[in-house]
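The next block is target_6.cif, given as mmCIF, C-alpha atoms.
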```
data_work
loop_
_atom_site.label_atom_id
_atom_site.label_comp_id
_atom_site.auth_asym_id
_atom_site.auth_seq_id
_atom_site.Cartn_x
_atom_site.Cartn_y
_atom_site.Cartn_z
CA MET A 1 38.50 -142.15 -28.77
CA GLY A 2 39.30 -141.56 -32.46
CA PHE A 3 35.58 -141.68 -33.23
CA LEU A 4 35.01 -139.02 -30.56
CA VAL A 5 37.70 -136.74 -32.01
CA SER A 6 36.32 -137.18 -35.54
CA LYS A 7 32.85 -136.39 -34.29
CA ILE A 8 34.11 -133.24 -32.56
CA SER A 9 35.93 -132.11 -35.70
CA LEU A 10 32.80 -132.78 -37.78
CA THR A 11 30.76 -130.75 -35.31
CA VAL A 12 33.22 -127.86 -35.56
CA ASN A 13 33.19 -127.93 -39.36
CA ARG A 14 29.40 -128.13 -39.44
CA SER A 15 29.01 -125.23 -37.04
CA CYS A 16 31.51 -123.15 -39.06
CA VAL A 17 29.65 -123.89 -42.29
CA VAL A 18 26.31 -122.92 -40.74
CA GLY A 19 27.87 -119.72 -39.43
CA LEU A 20 29.36 -119.08 -42.84
CA LEU A 21 26.01 -119.40 -44.62
CA ARG A 22 24.31 -117.10 -42.16
CA THR A 23 27.11 -114.54 -42.47
CA LYS A 24 27.08 -114.69 -46.27
CA MET A 25 23.37 -114.09 -46.33
CA LYS A 26 23.83 -111.16 -44.01
CA PHE A 27 26.96 -109.50 -45.40
CA GLY A 28 27.42 -111.09 -48.83
CA LYS A 29 31.23 -110.78 -48.67
CA SER A 30 34.07 -113.07 -49.72
CA VAL A 31 35.16 -116.12 -47.74
CA CYS A 32 38.60 -117.19 -46.50
CA ILE A 33 39.44 -120.85 -46.05
CA ILE A 34 41.64 -121.80 -43.09
CA ASN A 35 43.33 -125.14 -43.81
CA VAL A 36 44.89 -126.63 -40.67
CA GLY A 37 46.55 -129.98 -41.22
CA GLY A 38 44.15 -130.90 -44.03
CA THR A 39 40.97 -129.82 -42.22
CA LYS A 40 39.31 -126.79 -43.82
CA TYR A 41 37.40 -124.08 -41.98
CA PRO A 42 35.66 -121.51 -44.25
CA LEU A 43 35.37 -118.16 -42.47
CA PRO A 44 34.09 -114.76 -43.66
CA LYS A 45 36.58 -111.90 -43.69
CA ASP A 46 34.51 -109.95 -41.19
CA VAL A 47 34.70 -112.88 -38.79
CA ILE A 48 38.48 -113.13 -39.24
CA LYS A 49 38.87 -109.47 -38.32
CA ASP A 50 37.64 -110.01 -34.75
CA PHE A 51 38.56 -113.68 -34.42
CA PRO A 52 39.58 -114.71 -30.85
CA LEU A 53 42.76 -116.43 -32.10
CA ARG A 54 45.47 -113.83 -32.64
CA ARG A 55 47.23 -115.63 -35.48
CA VAL A 56 44.00 -115.92 -37.47
CA SER A 57 42.98 -112.32 -36.82
CA ARG A 58 46.38 -111.11 -38.07
CA LEU A 59 45.44 -112.30 -41.56
CA HIS A 60 42.94 -109.44 -41.85
CA ASN A 61 45.69 -106.80 -41.58
CA CYS A 62 48.02 -108.41 -44.11
CA ALA A 63 48.48 -106.10 -47.11
CA SER A 64 50.74 -108.31 -49.24
CA GLU A 65 51.40 -111.96 -49.86
CA ARG A 66 54.73 -111.67 -48.07
CA GLU A 67 53.00 -110.56 -44.89
CA VAL A 68 50.53 -113.41 -45.28
CA LEU A 69 53.35 -115.97 -45.49
CA GLU A 70 54.77 -114.59 -42.25
CA VAL A 71 51.55 -115.64 -40.53
CA CYS A 72 50.76 -118.93 -42.29
CA ASP A 73 52.81 -121.61 -44.04
CA ASP A 74 51.32 -121.31 -47.53
CA TYR A 75 48.66 -119.35 -49.39
CA ASP A 76 46.49 -120.10 -52.45
CA ARG A 77 45.39 -116.83 -54.06
CA GLU A 78 42.80 -118.40 -56.41
CA ARG A 79 40.85 -120.17 -53.66
CA ASN A 80 41.80 -117.61 -51.00
CA GLU A 81 43.01 -120.52 -48.83
CA PHE A 82 45.52 -120.22 -45.99
CA PHE A 83 47.52 -123.32 -45.08
CA PHE A 84 48.78 -124.01 -41.56
CA ASP A 85 50.98 -127.06 -41.00
CA ARG A 86 49.74 -127.69 -37.48
CA HIS A 87 47.93 -130.39 -35.49
CA SER A 88 44.40 -130.59 -36.86
CA GLU A 89 42.82 -132.31 -33.84
CA ALA A 90 44.33 -129.77 -31.46
CA PHE A 91 42.96 -126.94 -33.58
CA GLY A 92 39.55 -128.63 -33.50
CA PHE A 93 39.55 -128.43 -29.70
CA ILE A 94 40.73 -124.83 -29.91
CA MET A 95 37.79 -124.06 -32.22
CA LEU A 96 35.49 -125.59 -29.60
CA TYR A 97 36.94 -123.03 -27.18
CA VAL A 98 36.11 -120.29 -29.70
CA LYS A 99 32.52 -121.54 -29.89
CA TYR A 100 31.78 -122.53 -26.28
CA GLY A 101 34.46 -120.72 -24.26
CA LYS A 102 35.92 -123.86 -22.64
CA LEU A 103 39.35 -125.20 -23.52
CA ARG A 104 40.47 -128.71 -22.58
CA PHE A 105 43.28 -131.03 -23.62
CA VAL A 106 43.03 -133.39 -26.56
CA PRO A 107 42.76 -136.99 -25.31
CA GLN A 108 45.94 -139.05 -25.74
CA MET A 109 47.99 -135.97 -26.63
CA CYS A 110 50.95 -134.64 -24.68
CA GLU A 111 50.05 -131.63 -22.56
CA LEU A 112 53.18 -129.77 -23.62
CA SER A 113 52.46 -130.40 -27.30
CA PHE A 114 48.94 -129.05 -26.92
CA TYR A 115 50.31 -126.06 -25.02
CA ASN A 116 52.68 -125.36 -27.92
CA GLU A 117 49.67 -125.37 -30.24
CA MET A 118 47.90 -122.95 -27.92
CA VAL A 119 50.85 -120.58 -27.92
CA TYR A 120 51.08 -120.78 -31.70
CA TRP A 121 47.46 -119.71 -32.13
CA GLY A 122 47.78 -116.96 -29.53
CA LEU A 123 46.30 -118.54 -26.41
CA GLU A 124 47.78 -118.78 -22.92
CA SER A 125 47.62 -121.34 -20.14
CA SER A 126 45.07 -119.17 -18.33
CA HIS A 127 42.54 -119.99 -21.06
CA LEU A 128 42.56 -123.65 -20.01
CA GLU A 129 40.03 -125.08 -17.61
CA PHE A 130 41.29 -125.35 -14.04
CA CYS A 131 41.75 -129.12 -14.11
CA CYS A 132 43.74 -128.99 -17.36
CA GLN A 133 45.74 -126.02 -16.16
CA ARG A 134 46.78 -127.99 -13.09
CA ARG A 135 47.81 -130.92 -15.28
CA LEU A 136 49.91 -128.56 -17.40
CA ASP A 137 51.60 -127.07 -14.33
CA ASP A 138 52.45 -130.51 -12.99
CA ARG A 139 53.83 -131.64 -16.33
CA MET A 140 55.92 -128.50 -16.77
CA SER A 141 57.31 -128.77 -13.22
CA ASP A 142 58.36 -132.36 -13.97
CA THR A 143 60.09 -131.60 -17.26
CA TYR A 144 61.22 -128.00 -16.90
CA THR A 145 64.98 -127.62 -16.56
CA HIS A 146 66.48 -124.41 -15.23
CA PHE A 147 70.07 -123.46 -15.86
CA PRO A 148 71.72 -120.59 -14.01
CA GLU A 149 73.11 -117.68 -15.99
CA GLU A 150 76.71 -118.70 -15.39
CA ASP A 151 75.98 -122.18 -16.82
CA LEU A 152 74.35 -120.70 -19.90
CA LYS A 153 77.32 -118.38 -20.40
CA ALA A 154 79.69 -121.31 -20.01
CA GLU A 155 77.70 -123.34 -22.51
CA GLU A 156 77.76 -120.49 -25.02
CA ASP A 157 81.48 -120.17 -24.56
CA CYS A 158 81.95 -123.90 -25.01
CA THR A 159 80.08 -123.77 -28.32
CA GLY A 160 82.68 -121.29 -29.57
CA GLU A 161 85.71 -123.38 -28.72
CA ASP A 162 86.69 -123.54 -32.37
CA GLU A 163 87.31 -119.79 -32.39
CA PRO A 164 89.84 -119.17 -29.61
CA GLU A 165 91.24 -116.12 -31.36
CA ARG A 166 87.89 -114.36 -31.14
CA ARG A 167 87.52 -115.04 -27.41
CA GLY A 168 91.16 -114.32 -26.68
CA ASP A 169 91.59 -117.63 -24.80
CA SER A 170 93.92 -120.32 -26.06
CA LYS A 171 92.78 -123.89 -26.26
CA TRP A 172 94.98 -125.15 -23.45
CA LEU A 173 93.77 -122.36 -21.17
CA GLU A 174 90.18 -123.40 -21.81
CA MET A 175 91.07 -127.02 -21.07
CA MET A 176 92.72 -125.97 -17.81
CA ARG A 177 89.72 -123.95 -16.81
CA ARG A 178 87.30 -126.81 -17.45
CA THR A 179 89.60 -129.23 -15.64
CA PHE A 180 89.62 -127.16 -12.45
CA GLU A 181 86.08 -125.74 -12.60
CA GLU A 182 84.07 -128.73 -13.88
CA PRO A 183 84.93 -131.96 -12.05
CA THR A 184 83.02 -134.13 -14.55
CA SER A 185 84.29 -132.52 -17.75
CA SER A 186 87.14 -134.99 -18.36
CA VAL A 187 89.05 -137.88 -16.86
CA ALA A 188 91.82 -135.52 -15.69
CA ALA A 189 89.21 -133.33 -13.98
CA GLN A 190 87.79 -136.36 -12.15
CA ILE A 191 91.27 -137.37 -10.95
CA LEU A 192 91.95 -133.81 -9.80
CA ALA A 193 88.62 -133.70 -7.97
CA SER A 194 89.36 -137.01 -6.24
CA VAL A 195 92.72 -135.72 -5.02
CA SER A 196 91.06 -132.54 -3.77
CA ILE A 197 88.46 -134.59 -1.86
CA ILE A 198 91.25 -136.61 -0.23
CA PHE A 199 93.00 -133.44 0.91
CA VAL A 200 89.73 -132.06 2.31
CA ILE A 201 89.10 -135.25 4.28
CA VAL A 202 92.67 -135.36 5.62
CA SER A 203 92.46 -131.71 6.64
CA MET A 204 89.16 -132.26 8.46
CA VAL A 205 90.50 -135.35 10.26
CA ILE A 206 93.54 -133.43 11.49
CA LEU A 207 91.41 -130.49 12.59
CA CYS A 208 89.06 -132.74 14.54
CA ALA A 209 91.91 -134.77 16.05
CA SER A 210 93.71 -131.63 17.22
CA THR A 211 90.86 -130.96 19.68
CA LEU A 212 91.30 -134.31 21.50
CA PRO A 213 92.64 -134.10 25.09
CA ASP A 214 95.63 -136.37 24.40
CA TRP A 215 96.68 -134.50 21.27
CA LYS A 216 98.97 -131.99 23.04
CA THR A 217 100.70 -134.78 24.95
CA ALA A 218 101.42 -136.57 21.70
CA GLU A 219 102.76 -133.32 20.23
CA SER A 220 105.40 -132.99 22.95
CA ASN A 221 106.71 -136.52 22.41
CA VAL A 222 106.48 -136.89 18.64
CA VAL A 223 107.61 -134.65 15.84
CA GLU A 224 104.72 -132.52 14.70
CA GLU A 225 103.88 -134.44 11.56
CA HIS A 226 100.37 -133.08 11.69
CA ARG A 227 101.66 -129.54 11.10
CA ILE A 228 103.51 -130.76 8.02
CA ILE A 229 100.43 -132.53 6.71
CA GLU A 230 98.32 -129.47 7.47
CA ALA A 231 100.75 -127.24 5.60
CA VAL A 232 100.71 -129.61 2.60
CA CYS A 233 96.90 -129.55 2.53
CA ILE A 234 96.75 -125.77 2.74
CA GLY A 235 99.42 -125.54 0.04
CA TRP A 236 97.33 -127.73 -2.26
CA PHE A 237 94.20 -125.65 -1.64
CA THR A 238 96.12 -122.42 -2.19
CA ALA A 239 97.66 -123.62 -5.45
CA GLU A 240 94.29 -124.86 -6.67
CA CYS A 241 92.59 -121.56 -5.85
CA ILE A 242 95.33 -119.51 -7.53
CA ILE A 243 95.26 -121.61 -10.71
CA ARG A 244 91.48 -121.41 -10.90
CA PHE A 245 91.72 -117.64 -10.50
CA LEU A 246 94.36 -117.30 -13.23
CA VAL A 247 92.50 -119.43 -15.80
CA SER A 248 89.07 -117.91 -15.10
CA ARG A 249 87.49 -115.79 -17.84
CA ASP A 250 86.11 -113.07 -15.56
CA LYS A 251 88.21 -112.37 -12.47
CA CYS A 252 85.52 -110.22 -10.81
CA GLU A 253 82.89 -112.90 -11.35
CA PHE A 254 85.28 -115.47 -9.90
CA VAL A 255 85.69 -113.46 -6.69
CA ARG A 256 81.91 -112.98 -6.34
CA ARG A 257 81.02 -116.68 -6.50
CA PRO A 258 79.93 -118.12 -3.12
CA LEU A 259 82.12 -121.23 -3.26
CA ASN A 260 85.19 -119.17 -4.11
CA ILE A 261 84.46 -116.83 -1.22
CA ILE A 262 84.29 -119.87 1.07
CA ASP A 263 87.65 -121.04 -0.30
CA LEU A 264 89.22 -117.70 0.54
CA LEU A 265 87.67 -117.71 4.03
CA ALA A 266 89.14 -121.16 4.62
CA ILE A 267 92.62 -120.43 3.25
CA THR A 268 93.22 -116.99 4.72
CA PRO A 269 92.97 -117.95 8.46
CA TYR A 270 95.91 -120.36 8.15
CA TYR A 271 98.28 -117.70 6.89
CA ILE A 272 96.97 -115.16 9.40
CA SER A 273 97.46 -117.64 12.24
CA VAL A 274 100.99 -118.45 11.06
CA ALA A 275 101.83 -114.74 10.88
CA MET A 276 100.38 -114.02 14.32
CA ALA A 277 102.12 -117.04 15.85
CA THR A 278 105.40 -115.85 14.36
CA LEU A 279 104.95 -112.35 15.74
CA THR A 280 103.72 -113.32 19.23
CA GLY A 281 105.83 -116.47 19.61
CA GLU A 282 105.10 -118.52 22.70
CA ASN A 283 104.33 -115.47 24.84
CA SER A 284 101.20 -116.38 26.78
CA GLN A 285 100.48 -112.85 27.91
CA LEU A 286 98.73 -112.10 24.62
CA GLN A 287 95.64 -114.12 25.46
CA ARG A 288 93.50 -112.13 23.09
CA ALA A 289 95.75 -113.11 20.21
CA GLY A 290 95.55 -116.74 21.35
CA VAL A 291 91.75 -116.66 21.19
CA THR A 292 91.94 -115.13 17.74
CA LEU A 293 94.26 -117.90 16.59
CA ARG A 294 91.85 -120.57 17.82
CA VAL A 295 88.93 -118.88 16.08
CA LEU A 296 90.86 -118.62 12.83
CA ARG A 297 91.90 -122.25 13.13
CA MET A 298 88.32 -123.42 13.51
CA MET A 299 87.26 -121.42 10.43
CA ARG A 300 88.98 -124.10 8.38
CA ILE A 301 85.90 -126.21 8.92
CA PHE A 302 84.50 -124.34 5.91
CA TRP A 303 86.48 -126.75 3.75
CA VAL A 304 83.61 -129.20 4.20
CA ILE A 305 81.48 -126.94 2.01
CA LYS A 306 84.12 -127.37 -0.70
CA LEU A 307 82.76 -130.89 -1.16
CA ALA A 308 79.68 -129.31 -2.77
CA ARG A 309 81.69 -129.09 -5.99
CA HIS A 310 81.82 -132.86 -6.20
CA PHE A 311 78.58 -134.18 -4.62
CA LEU A 312 75.14 -133.83 -6.18
CA GLY A 313 73.36 -133.89 -2.82
CA LEU A 314 75.15 -130.81 -1.46
CA GLN A 315 74.62 -128.99 -4.74
CA THR A 316 70.91 -129.78 -4.55
CA LEU A 317 70.75 -128.46 -1.01
CA GLY A 318 72.47 -125.21 -1.94
CA LEU A 319 70.30 -124.66 -5.02
CA THR A 320 67.14 -125.38 -3.02
CA LEU A 321 68.08 -122.89 -0.30
CA ARG A 322 68.84 -120.27 -2.94
CA ARG A 323 65.48 -120.70 -4.67
CA CYS A 324 63.40 -121.09 -1.51
CA TYR A 325 64.72 -118.12 0.42
CA ARG A 326 61.20 -116.61 0.47
CA GLU A 327 59.79 -119.77 2.02
CA MET A 328 62.67 -119.84 4.51
CA VAL A 329 61.97 -116.23 5.49
CA MET A 330 58.29 -117.05 5.83
CA LEU A 331 59.13 -120.01 8.08
CA LEU A 332 61.37 -117.78 10.21
CA VAL A 333 58.60 -115.19 10.53
CA PHE A 334 56.13 -117.89 11.63
CA ILE A 335 58.53 -119.09 14.32
CA CYS A 336 59.34 -115.59 15.57
CA VAL A 337 55.68 -114.58 15.85
CA ALA A 338 54.76 -117.78 17.68
CA MET A 339 57.83 -117.44 19.91
CA ALA A 340 56.86 -113.92 20.93
CA ILE A 341 53.29 -114.93 21.79
CA PHE A 342 53.98 -118.18 23.62
CA SER A 343 57.03 -116.90 25.51
CA ALA A 344 55.08 -113.94 26.90
CA LEU A 345 52.16 -116.18 27.95
CA ALA A 346 54.51 -118.80 29.44
CA GLN A 347 56.34 -116.17 31.52
CA LEU A 348 53.04 -114.81 32.76
CA LEU A 349 51.50 -118.19 33.67
CA GLU A 350 54.63 -119.72 35.22
CA HIS A 351 56.17 -116.74 36.97
CA GLY A 352 54.04 -113.63 36.79
CA LEU A 353 50.71 -114.67 38.34
CA ASP A 354 51.63 -116.52 41.50
CA LEU A 355 54.89 -115.31 43.05
CA GLU A 356 54.75 -117.91 45.85
CA VAL A 357 54.74 -120.87 43.45
CA SER A 358 56.78 -119.33 40.64
CA ASN A 359 58.92 -121.23 38.19
CA GLU A 360 62.33 -119.58 38.13
CA ASP A 361 63.11 -121.10 34.74
CA TYR A 362 60.54 -118.70 33.27
CA ALA A 363 61.78 -115.61 35.10
CA SER A 364 61.99 -113.60 31.87
CA ILE A 365 60.56 -113.66 28.36
CA PRO A 366 63.97 -114.34 26.72
CA ALA A 367 64.38 -117.37 29.00
CA ALA A 368 60.90 -118.58 27.98
CA CYS A 369 61.82 -118.17 24.30
CA TRP A 370 64.27 -121.07 24.65
CA TRP A 371 61.49 -123.30 25.96
CA VAL A 372 59.19 -122.19 23.12
CA ILE A 373 61.68 -122.99 20.36
CA ILE A 374 62.55 -126.47 21.67
CA SER A 375 58.84 -127.19 22.16
CA MET A 376 57.76 -126.00 18.71
CA THR A 377 60.45 -128.10 17.07
CA THR A 378 59.40 -131.10 19.26
CA VAL A 379 62.96 -131.47 20.60
CA GLY A 380 62.18 -131.19 24.30
CA TYR A 381 65.50 -131.30 26.14
CA GLY A 382 63.73 -131.39 29.50
CA ASP A 383 65.97 -128.73 31.04
CA MET A 384 62.92 -126.51 31.68
CA TYR A 385 59.23 -127.35 31.69
CA PRO A 386 55.98 -125.83 33.04
CA ILE A 387 54.73 -126.91 36.46
CA THR A 388 51.32 -125.21 36.55
CA VAL A 389 48.21 -126.58 34.87
CA PRO A 390 47.71 -123.49 32.64
CA GLY A 391 51.38 -123.65 31.71
CA ARG A 392 51.09 -127.29 30.65
CA VAL A 393 47.99 -126.53 28.58
CA LEU A 394 49.94 -123.72 26.93
CA GLY A 395 52.82 -126.14 26.31
CA GLY A 396 50.49 -128.53 24.48
CA LEU A 397 49.17 -125.72 22.30
CA CYS A 398 52.75 -124.62 21.64
CA VAL A 399 53.76 -128.09 20.43
CA VAL A 400 50.70 -128.51 18.19
CA SER A 401 51.05 -125.04 16.67
CA GLY A 402 54.75 -125.67 16.06
CA ILE A 403 53.97 -128.82 14.08
CA VAL A 404 51.39 -126.99 11.98
CA LEU A 405 53.48 -123.88 11.35
CA LEU A 406 56.58 -125.84 10.42
CA ALA A 407 54.64 -128.09 8.07
CA LEU A 408 53.12 -125.27 6.00
CA PRO A 409 56.25 -124.05 4.11
CA ILE A 410 57.92 -127.49 4.10
CA THR A 411 55.73 -128.63 1.19
CA PHE A 412 57.01 -125.86 -1.08
CA ILE A 413 60.60 -126.52 -0.03
CA TYR A 414 60.19 -130.26 -0.67
CA HIS A 415 58.86 -129.76 -4.21
CA SER A 416 61.66 -127.31 -4.94
CA PHE A 417 64.21 -129.81 -3.64
CA VAL A 418 62.86 -132.57 -5.91
CA GLN A 419 62.88 -130.23 -8.90
CA CYS A 420 66.44 -129.07 -8.19
CA TYR A 421 67.59 -132.66 -7.79
CA HIS A 422 66.15 -133.66 -11.17
CA GLU A 423 67.68 -130.60 -12.84
CA LEU A 424 71.15 -131.28 -11.47
CA LYS A 425 70.84 -134.97 -12.24
CA PHE A 426 69.85 -134.17 -15.82
CA ARG A 427 72.80 -131.77 -16.13
CA SER A 428 75.18 -134.37 -14.67
CA ALA A 429 73.91 -137.03 -17.09
CA ARG A 430 74.43 -134.67 -20.01
CA VAL A 431 78.03 -133.97 -18.93
CA THR A 432 78.62 -137.70 -18.42
CA ARG A 433 77.50 -138.43 -21.97
CA SER A 434 79.93 -135.84 -23.32
CA LEU A 435 82.66 -137.29 -21.10
CA SER A 436 82.01 -140.79 -22.47
CA ALA A 437 82.25 -139.49 -26.03
CA GLU A 438 85.51 -137.70 -25.18
CA PHE A 439 86.94 -140.88 -23.63
CA ILE A 440 85.98 -142.95 -26.69
CA ASN A 441 87.56 -140.40 -29.03
#
```
Rewritten as structure tokens:
Amino acid sequence: MGFLVSKISLTVNRSCVVGLLRTKMKFGKSVCIINVGGTKYPLPKDVIKDFPLRRVSRLHNCASEREVLEVCDDYDRERNEFFFDRHSEAFGFIMLYVKYGKLRFVPQMCELSFYNEMVYWGLESSHLEFCCQRRLDDRMSDTYTHFPEEDLKAEEDCTGEDEPERRGDSKWLEMMRRTFEEPTSSVAAQILASVSIIFVIVSMVILCASTLPDWKTAESNVVEEHRIIEAVCIGWFTAECIIRFLVSRDKCEFVRRPLNIIDLLAITPYYISVAMATLTGENSQLQRAGVTLRVLRMMRIFWVIKLARHFLGLQTLGLTLRRCYREMVMLLVFICVAMAIFSALAQLLEHGLDLEVSNEDYASIPAACWWVIISMTTVGYGDMYPITVPGRVLGGLCVVSGIVLLALPITFIYHSFVQCYHELKFRSARVTRSLSAEFIN
């Protein structure tokens, strides 16, 4: 392989020299020497003017030595030689692109490193051949790490922790904020997150148990300990939310965050239900208020989403849904279009053609839509099914088309999920390393 690269470099040098001699005989002008990593390429000034590589062509417009040093790393006035401290073999392949118009990767060289060389010389990924461009896309998707804007802002703020007077936040306030907002930032934050998870689990268990048939009987015989436990859980969540709001840097940004909105939606119903129960008492004539209380009580199930702060899997799911909303919309459009077509045909074949042998389950198109959606998703409850031969043929087509339509966007969503998982895992590992250093200190 080294022999091949040397041969390619020799070919490039030889072709440049031949071109140089021909140009000198034709124009008779001075020559510039491009020295890239020890490999020299003599080029006429007229060739440099219209050279395909932007960085090389910029040398023609340089009016002073200072401007020249902004383009290259060093310059020898006597020999008119420009030095570039770059990868010589990569530049040899780039020169082959200049000569033949085809750009491929250097063997046994990292794709990202070669891409950095391309960007340095003024080329883009679109100049690569299709096979190499696909390799570059795969490599970048494997190693690219995306950080949301709020994480970048937080990281910038963390780098300025030594200047609390400039930010207006004291050191203890910053420690409190990181303790409540970042569960893996310190040992105290991990303990606080564990306690919060316990309260969430206890609250969910009580909410689920309160719907059991024997729960009201137990309430009449035993003191309502569950109401005390429920109040303690809500008190913990309320105190946590208030402290996080007080120590946050931007109060408006805090209110706009999705997880904080979910926290408010889960806390508020408890206080509303307590207020309404206090006002209405045990008067059963206000049935509408009783329904409202039950709805508000069930809204506390949103506390399950609070676990997304502490589990990587739920964070990955949320980040994937946020990035793949276009694919999700496309999937929804596919389903709606297929539902409209198959439901209309099913209603016609099962109920509209033969009134004597009509299937009452397909009396309307909205009723047929239910059959279409459970057939396309291959659920098949069996509560309604076609009885005519054309209807069964249509059902088979509906199932097959559902499998195909659902599989098309799933590939994009899967790749996005894997990428989001690796990003969050990388971020978690980075925080864990800083936590280990803090614990050692």
Find, counting all atoms listed in the file, the residue in A:Val295, A:Cys110, A:Leu279, A:Ala308 that gets nearest to Leu259 of chain A.
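For Leu259 of chain A, the nearest of the candidates is A:Ala308.
Using only C-alpha atoms, every residue with an atom at most 8 Å from the point (45.9, -130.3, -45.5) is listed here: Asn35, Val36, Gly37, Gly38, Thr39, Lys40, Phe83, Phe84 and Asp85 of chain A.
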Export C-alpha atoms of the chosen residues as a PDB file, in the coordinates of the input?
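Heads up, here's the output in selection.pdb:
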```pdb
ATOM      1  CA  ASN A  35      43.330-125.140 -43.810  1.00  0.00           C
ATOM      2  CA  VAL A  36      44.890-126.630 -40.670  1.00  0.00           C
ATOM      3  CA  GLY A  37      46.550-129.980 -41.220  1.00  0.00           C
ATOM      4  CA  GLY A  38      44.150-130.900 -44.030  1.00  0.00           C
ATOM      5  CA  THR A  39      40.970-129.820 -42.220  1.00  0.00           C
ATOM      6  CA  LYS A  40      39.310-126.790 -43.820  1.00  0.00           C
ATOM      7  CA  PHE A  83      47.520-123.320 -45.080  1.00  0.00           C
ATOM      8  CA  PHE A  84      48.780-124.010 -41.560  1.00  0.00           C
ATOM      9  CA  ASP A  85      50.980-127.060 -41.000  1.00  0.00           C
TER      10      ASP A  85
END
```
When the PyMOL selection byres ((chain A and resi 192) around 12) is applied to the structure above, which residues does it catch, written out as a PyMOL selection string?
chain A and resi 176+178-191+193-199+236-237+240+309-310
Do you know which residues are at most 12 Å from Leu332 of chain A counting only C-alpha atoms, after dropping those on the same chain fewer than 3 positions away, and could you put them as a PyMOL selection string?
chain A and resi 325-329+335-339+373+402+405-406+408-410
Pull out every residue that the PyMOL selection byres ((chain A and resi 340) around 12) matches in the shown coordinates and put them as a ChimeraX atom specification.
/A:333-339,341-347,365-373,398
Once the PyMOL selection byres ((chain A and resi 317) around 10) has been evaluated on this model, what residues remain selected, and can you format them as a list in words?
Ala308, Leu312, Gly313, Leu314, Gln315, Thr316, Gly318, Leu319, Thr320, Leu321, Arg322, Ser416, Phe417, Cys420 and Tyr421 of chain A
For Gly235 of chain A, list every protein, DNA or RNA residue within 12 Å, evaluated using only C-alpha atoms, and leave out those in the same chain fewer than 5 positions away; present the list as an MDAnalysis selection string.
chainID A and resid 196 199:200 203 227:230 240:242 267:268 270:271
At what distance in Å, to one decimal, does atom CA of Tyr115 of chain A lie from atom CA of Leu136 of chain A?
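Answer for the atom CA of Leu136 of chain A to atom CA of Tyr115 of chain A separation: 8.0 Å.
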List as a PDB file with C-alpha atoms, in the frame of the given file the protein and nucleic acid residues near Pro44 of chain A, meaning an atom at most 6 Å away when only C-alpha atoms are counted, but skip any in the same chain fewer than 2 places from it.
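Final file, out.pdb:
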```
ATOM      1  CA  VAL A  31      35.160-116.120 -47.740  1.00  0.00           C
ATOM      2  CA  CYS A  32      38.600-117.190 -46.500  1.00  0.00           C
ATOM      3  CA  ASP A  46      34.510-109.950 -41.190  1.00  0.00           C
ATOM      4  CA  VAL A  47      34.700-112.880 -38.790  1.00  0.00           C
TER       5      VAL A  47
END
```
In Å, rounded to a single decimal, give me how far atom CA of Cys233 of chain A is from atom CA of Ala275 of chain A.
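For atom CA of Ala275 of chain A relative to atom CA of Cys233 of chain A, the distance reads 17.7 Å.
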Rounded to one decimal in Å, what is the spacing between atom CA of His226 of chain A and atom CA of Asp263 of chain A?
21.2 Å
Need a file for segment 51-57 of chain A from that block: N, CA, C and O atoms, written as a PDB file, in the first residue's frame.
```pdb
ATOM      1  N   PHE A  51      -6.544  28.036  -9.973  1.00  0.00           N
ATOM      2  CA  PHE A  51      -6.391  26.685  -9.452  1.00  0.00           C
ATOM      3  C   PHE A  51      -7.697  26.232  -8.784  1.00  0.00           C
ATOM      4  O   PHE A  51      -8.365  27.026  -8.108  1.00  0.00           O
ATOM      5  N   PRO A  52      -8.096  24.959  -8.959  1.00  0.00           N
ATOM      6  CA  PRO A  52      -9.380  24.496  -8.384  1.00  0.00           C
ATOM      7  C   PRO A  52      -9.428  24.527  -6.865  1.00  0.00           C
ATOM      8  O   PRO A  52     -10.521  24.583  -6.292  1.00  0.00           O
ATOM      9  N   LEU A  53      -8.279  24.476  -6.194  1.00  0.00           N
ATOM     10  CA  LEU A  53      -8.254  24.503  -4.733  1.00  0.00           C
ATOM     11  C   LEU A  53      -8.241  25.955  -4.258  1.00  0.00           C
ATOM     12  O   LEU A  53      -7.343  26.733  -4.613  1.00  0.00           O
ATOM     13  N   ARG A  54      -9.226  26.317  -3.447  1.00  0.00           N
ATOM     14  CA  ARG A  54      -9.387  27.711  -3.057  1.00  0.00           C
ATOM     15  C   ARG A  54      -8.187  28.257  -2.298  1.00  0.00           C
ATOM     16  O   ARG A  54      -7.782  29.393  -2.506  1.00  0.00           O
ATOM     17  N   ARG A  55      -7.623  27.459  -1.409  1.00  0.00           N
ATOM     18  CA  ARG A  55      -6.510  27.958  -0.602  1.00  0.00           C
ATOM     19  C   ARG A  55      -5.303  28.252  -1.471  1.00  0.00           C
ATOM     20  O   ARG A  55      -4.570  29.227  -1.224  1.00  0.00           O
ATOM     21  N   VAL A  56      -5.069  27.452  -2.482  1.00  0.00           N
ATOM     22  CA  VAL A  56      -3.935  27.692  -3.381  1.00  0.00           C
ATOM     23  C   VAL A  56      -4.213  28.906  -4.267  1.00  0.00           C
ATOM     24  O   VAL A  56      -3.327  29.742  -4.497  1.00  0.00           O
ATOM     25  N   SER A  57      -5.422  29.037  -4.757  1.00  0.00           N
ATOM     26  CA  SER A  57      -5.740  30.171  -5.635  1.00  0.00           C
ATOM     27  C   SER A  57      -5.711  31.499  -4.890  1.00  0.00           C
ATOM     28  O   SER A  57      -5.517  32.557  -5.498  1.00  0.00           O
TER      29      SER A  57
END
```
